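K.L.:
There's a structure below that I have some questions on.
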Amino acid sequence: MNKKYIIPAIATLTFLLGGTSLIFPFLPIGWPLLAVTALLIMPYFPKAQKGFKWIAGKDSTGLLEKAAEGVIELYHWADEDKKANEIDDAVNGDDKD
């Protein structure tokens, strides 16, 4: 199987599961799944990276960094190192501008 399509497939799956979970109030995983979806598609939308830099600065729990680490590992596994570095820069607040 070609790893090129793994990330979009996982993003689509987490989006659908997250949206479905929001319909049922007894499944408290909807918003976290949508947050993971946002992390997965962030390298494809450069303007979203600025928003994540701002959110990462406000996150005092470290939850965003833990989720980002998992997504970065997934991108490395899929041999998409450039996109993994973009996520890492956005979450850690490294500004190259």
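The chains in the structure tokens are called A, B, ... from first to last as shown; in each chain the residues are counted from 1, and the ligands are counted from 1 in the order shown.
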Could you make a table, as a Markdown table, of the residues of region 8-42 of chain A that have an atom within 9 Å of an atom of region 77-87 of chain A, each with its nearest atom pair and distance in Å to one decimal, counting only C-alpha atoms, in chain and number order?

P.N.:
| residue | atom | partner | partner_atom | distance |
| --- | --- | --- | --- | --- |
| A:Leu39 | CA | A:Ile87 | CA | 7.5 |
| A:Leu40 | CA | A:Ile87 | CA | 8.6 |
| A:Met42 | CA | A:Ile87 | CA | 7.1 |

K.L.:
Once DSSP has gone over the backbone, tell me which residues of chain A are in alpha helix (DSSP H), as a ChimeraX atom specification.

P.N.:
/A:6-23,30-41,46-58,63-77,81-92

K.L.:
Between A:Phe15, A:Asn92, A:Pro25, A:Ala38, which one has atoms that come closest to Gly57 (chain A), using only C-alpha atoms?

P.N.:
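For Gly57 (chain A), the nearest of the given residues is A:Asn92.
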
K.L.:
So which residues touch Ala9 (chain A) within 12 Å, counting only C-alpha atoms, skipping near sequence neighbours fewer than 6 positions away, as an NGL selection string?

P.N.:
:A and (2-3 or 15-16 or 37 or 40-41)

K.L.:
I want to know what sits within 10 Å of region 29-32 of chain A, based on only C-alpha atoms, with residues of the same chain fewer than 2 positions away left out; could you give that as a list in words?

P.N.:
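Surrounding residues, per the criterion: Thr14, Phe15, Leu16, Leu17, Gly18, Gly19, Thr20, Ser21, Leu22, Ile23, Phe24, Pro25, Phe26, Leu27, Leu34, Ala35, Val36, Thr37, Ala38 and Ala67 of chain A.
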
K.L.:
To one decimal in Å, tell me the separation between CA of Ile6 (chain A) and CA of Thr61 (chain A).

P.N.:
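A separation of 29.2 Å between them.
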